[in-house]
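Comments concern the structure below.
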Amino acid sequence: MNAIQIDDLTKYYGKTRGIEHIDLTVPQGGFFGFIGPNGAGKSTTIRTLLGLIRQNGGRAQILGLDTIKDREKILARVGYLPSEVSFYPGMRVKELLKLSASLRRRDCRKISGLLCERLQLDTTRKVEELSFGNRRKTAIVCALQHEPDLLILDEPTSGLDPLMQREFFEILKERNKEGTTVFLSSHILSEIQHNCTQAAMIRNGTIIARGSMAELSGTGAKRISVRGSVDLGTLIGVRDLHSTPENVDFLYTGDMNDLLQTLSAGDIQDITVTEPNLDEVFLHYYGQGSGRI
Ligand code: ADP
């Protein structure tokens with residue numbers, strides 16, 4: 001059984017496309033990244049997946065349960081962090097955490113205390129007085145304190161400072177080692193690249209790539225950096241990265257012999273050939289124009 005199984009999921013908001021024909025599988029125990037720019041359809045996928053909005057087509061299962069029929073059972077087993085957090089005003093953080101635990105009929109005091117300490121969250125503050133980052137920390141504790149089997153986190157790190165982001169990912173990694181499945185959406189590639197083992201990329205409502213981090217990074221493209229001058233001219237399979245008059249820097253998916261011939265006609269002081277990082281792979285998929293090399 002997969003933690004998440006999405007088949008042909010489509011959601012339109014009236015005439016506006018949210019997502020279209022999404023297929024996605026997240027194995028139990030996975031640490032899965034869902035990458036895409038703003039407006040790509042990440043939140044729509046997540047909200048449909050949790051049964052918070054109703055799809056127009058397709059189906060999804062969480063932990064073997066149907067997202068429409070078994071919505072209540074699913075919500076009891078999932079820790080969800082929404083992309084936009086809002087709380088009832090007038091409550092203190094500790095009251096809110098207690099309420100959130102009681103809704104799940106759990107005594108979460110010990111774990112909640114540990115999480116608040118690690119995230120440096122002052123639980124005596126009123127929720128309406130919290131900064132954006134502290135509101136996010138409160139939502140993180142709400143999502144994690146009942147130790148759910150599956151964490152669905154929608155852009156969880158926005159508003160957290162770098163130290164807190166690190167601590168947050170430490171907590172997630174510990175949970176994941178203990179068997180919790182993590183599904184995390186983000187538009188920040190580096191955090192997906194450094195923390196997730198598998199990922200899917202979404203663009204304009206559809207999945208454009210998926211696989212292990214190694215597979216996604218290995219699109220077959222090489223990153224070529226040349227110091228000196230060379231005219232790439234009509235060479236096929238080139239995507240310029242950030243070349244200057246002294247350095248030519250590009251992703252290459254073409255024929256290596258063609259590349260060597262082209263380079264040998266130039267005046268080259270140095271050359272390095274490396275695997276592209278995920279940022280560059282992202283550019284390969286998301287870049288303006290052709291989209292693919
Ligand atoms: P992401 O989470 O990747 O930023 P969203 O899922 O929020 O993307 O949005 C996907 C698309 O659906 C966008 O074009 C967005 O404008 C549209 N959309 C999202 N929510 C609504 C809504 N409540 N009403 C109408 N359109 C929406």
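Starting from 1 in every chain, residues are counted up; chains themselves are A, B, ... following the order of the structure tokens, and ligands are numbered from 1 as listed.
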
**Item:** Arg125 (chain A) environment, 7 Å, only C-alpha atoms, sequence neighbours closer than 4 positions dropped, as a VMD selection string
**Value:** chain A and resid 92 to 93 129

**Request:** Identify all residues of region 16-253 of chain A in strand (DSSP E) (DSSP on the backbone) and supply them as a PyMOL selection string.
**Result:** chain A and resi 16-27+31-35+57-62+65-66+78-81+150-154+181-186+198-203+206-212+222-229+238-240+247-252

Throw together the list of residues within 6 Å of ligand 1, counting only C-alpha atoms and all ligand atoms, and drop it here as a PDB file with N, CA, C and O atoms, in the first residue's frame.
```
ATOM      1  N   TYR A  13     -11.332  25.344 -11.182  1.00  0.00           N
ATOM      2  CA  TYR A  13     -12.102  26.325 -10.424  1.00  0.00           C
ATOM      3  C   TYR A  13     -12.919  27.075 -11.464  1.00  0.00           C
ATOM      4  O   TYR A  13     -12.393  27.985 -12.111  1.00  0.00           O
ATOM      5  N   THR A  16     -11.087  28.094 -14.612  1.00  0.00           N
ATOM      6  CA  THR A  16      -9.641  28.140 -14.366  1.00  0.00           C
ATOM      7  C   THR A  16      -9.118  26.754 -14.021  1.00  0.00           C
ATOM      8  O   THR A  16      -9.641  26.099 -13.122  1.00  0.00           O
ATOM      9  N   ARG A  17      -8.058  26.370 -14.723  1.00  0.00           N
ATOM     10  CA  ARG A  17      -7.460  25.067 -14.430  1.00  0.00           C
ATOM     11  C   ARG A  17      -6.662  25.144 -13.127  1.00  0.00           C
ATOM     12  O   ARG A  17      -5.835  26.035 -12.939  1.00  0.00           O
ATOM     13  N   GLY A  18      -6.951  24.232 -12.234  1.00  0.00           N
ATOM     14  CA  GLY A  18      -6.120  24.092 -11.034  1.00  0.00           C
ATOM     15  C   GLY A  18      -5.054  23.044 -11.305  1.00  0.00           C
ATOM     16  O   GLY A  18      -3.864  23.343 -11.369  1.00  0.00           O
ATOM     17  N   GLY A  36       7.363  23.165  -7.601  1.00  0.00           N
ATOM     18  CA  GLY A  36       6.761  23.911  -8.694  1.00  0.00           C
ATOM     19  C   GLY A  36       6.693  25.374  -8.334  1.00  0.00           C
ATOM     20  O   GLY A  36       6.645  25.720  -7.158  1.00  0.00           O
ATOM     21  N   PRO A  37       6.684  26.221  -9.350  1.00  0.00           N
ATOM     22  CA  PRO A  37       6.588  27.663  -9.063  1.00  0.00           C
ATOM     23  C   PRO A  37       5.210  28.029  -8.527  1.00  0.00           C
ATOM     24  O   PRO A  37       4.283  27.209  -8.572  1.00  0.00           O
ATOM     25  N   ASN A  38       5.053  29.249  -8.046  1.00  0.00           N
ATOM     26  CA  ASN A  38       3.753  29.692  -7.540  1.00  0.00           C
ATOM     27  C   ASN A  38       2.705  29.568  -8.641  1.00  0.00           C
ATOM     28  O   ASN A  38       2.961  29.883  -9.796  1.00  0.00           O
ATOM     29  N   GLY A  39       1.534  29.076  -8.261  1.00  0.00           N
ATOM     30  CA  GLY A  39       0.436  28.956  -9.222  1.00  0.00           C
ATOM     31  C   GLY A  39       0.489  27.679 -10.045  1.00  0.00           C
ATOM     32  O   GLY A  39      -0.356  27.458 -10.913  1.00  0.00           O
ATOM     33  N   ALA A  40       1.464  26.796  -9.761  1.00  0.00           N
ATOM     34  CA  ALA A  40       1.624  25.574 -10.565  1.00  0.00           C
ATOM     35  C   ALA A  40       0.536  24.552 -10.278  1.00  0.00           C
ATOM     36  O   ALA A  40       0.214  23.712 -11.118  1.00  0.00           O
ATOM     37  N   GLY A  41      -0.019  24.592  -9.056  1.00  0.00           N
ATOM     38  CA  GLY A  41      -1.065  23.620  -8.709  1.00  0.00           C
ATOM     39  C   GLY A  41      -0.737  22.766  -7.483  1.00  0.00           C
ATOM     40  O   GLY A  41      -1.410  21.766  -7.227  1.00  0.00           O
ATOM     41  N   LYS A  42       0.270  23.148  -6.723  1.00  0.00           N
ATOM     42  CA  LYS A  42       0.676  22.352  -5.550  1.00  0.00           C
ATOM     43  C   LYS A  42      -0.434  22.331  -4.487  1.00  0.00           C
ATOM     44  O   LYS A  42      -0.847  21.268  -4.040  1.00  0.00           O
ATOM     45  N   SER A  43      -0.909  23.521  -4.114  1.00  0.00           N
ATOM     46  CA  SER A  43      -1.943  23.578  -3.068  1.00  0.00           C
ATOM     47  C   SER A  43      -3.237  22.923  -3.547  1.00  0.00           C
ATOM     48  O   SER A  43      -3.928  22.270  -2.765  1.00  0.00           O
ATOM     49  N   THR A  44      -3.555  23.101  -4.807  1.00  0.00           N
ATOM     50  CA  THR A  44      -4.774  22.472  -5.339  1.00  0.00           C
ATOM     51  C   THR A  44      -4.674  20.955  -5.225  1.00  0.00           C
ATOM     52  O   THR A  44      -5.619  20.291  -4.800  1.00  0.00           O
TER      53      THR A  44
END
```

**Message:** Residues near Ala265 (chain A), anyone? I mean within 12 Å using only C-alpha atoms, not counting same-chain ones fewer than 2 positions away, as an MDAnalysis selection string.
**Reply:** chainID A and resid 228:233 258:263 267:268

Okay, now the selection with N, CA and C atoms, as a tab-separated table (two decimals), in the first residue's frame?
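Just written: selection.tsv:
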```tsv
chain	number	residue	atom	x	y	z
A	228	GLY	N	37.64	30.95	-21.79
A	228	GLY	CA	38.23	31.24	-23.08
A	228	GLY	C	37.13	31.65	-24.03
A	229	SER	N	37.44	31.62	-25.32
A	229	SER	CA	36.39	32.02	-26.26
A	229	SER	C	36.08	30.87	-27.20
A	230	VAL	N	34.81	30.68	-27.40
A	230	VAL	CA	34.37	29.63	-28.30
A	230	VAL	C	33.03	30.05	-28.90
A	231	ASP	N	32.85	29.73	-30.17
A	231	ASP	CA	31.58	30.06	-30.80
A	231	ASP	C	30.75	28.78	-30.91
A	232	LEU	N	29.68	28.69	-30.09
A	232	LEU	CA	28.87	27.46	-30.09
A	232	LEU	C	28.00	27.38	-31.34
A	233	GLY	N	27.85	28.53	-31.99
A	233	GLY	CA	27.18	28.60	-33.31
A	233	GLY	C	25.94	27.75	-33.42
A	258	ASP	N	30.43	16.24	-31.58
A	258	ASP	CA	30.13	17.57	-32.13
A	258	ASP	C	30.65	18.64	-31.19
A	259	LEU	N	30.45	18.40	-29.88
A	259	LEU	CA	30.89	19.39	-28.89
A	259	LEU	C	32.41	19.56	-28.96
A	260	LEU	N	33.12	18.42	-28.99
A	260	LEU	CA	34.59	18.49	-28.99
A	260	LEU	C	35.11	19.20	-30.25
A	261	GLN	N	34.47	18.91	-31.36
A	261	GLN	CA	34.89	19.58	-32.61
A	261	GLN	C	34.70	21.09	-32.52
A	262	THR	N	33.55	21.47	-31.97
A	262	THR	CA	33.25	22.91	-31.85
A	262	THR	C	34.25	23.56	-30.91
A	263	LEU	N	34.52	22.87	-29.78
A	263	LEU	CA	35.43	23.46	-28.80
A	263	LEU	C	36.85	23.57	-29.35
A	267	ASP	N	39.39	29.09	-28.66
A	267	ASP	CA	40.64	29.36	-27.95
A	267	ASP	C	40.35	29.17	-26.46
A	268	ILE	N	40.72	27.99	-25.94
A	268	ILE	CA	40.24	27.58	-24.62
A	268	ILE	C	41.39	27.46	-23.62
```

**Contacts of region 166-181 of chain A within 8 Å, only C-alpha atoms, excl. fewer than 5 positions in-chain, as a list in words** =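 Returned residues: Ala3, Pro27, Gln28, Gly29, Gly30, Phe31, Phe32, Arg118, Leu119, Pro148, Asp149, Leu150, Leu151 and Asn195 of chain A.
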
**Among the residues A:Asp122, A:Glu128, A:Asp249, A:Asp107, the one that comes closest to His146 (chain A) [using only C-alpha atoms]** =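 Closest to His146 (chain A), using only C-alpha atoms: A:Asp107.
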
**Option closest in space to Leu52 (chain A), from A:Val26, A:Leu75, A:Leu130, A:Ala214 [counting only C-alpha atoms]** = A:Leu75

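CA of Arg203 (chain A) lies 19.6 Å from CA of Arg239 (chain A).
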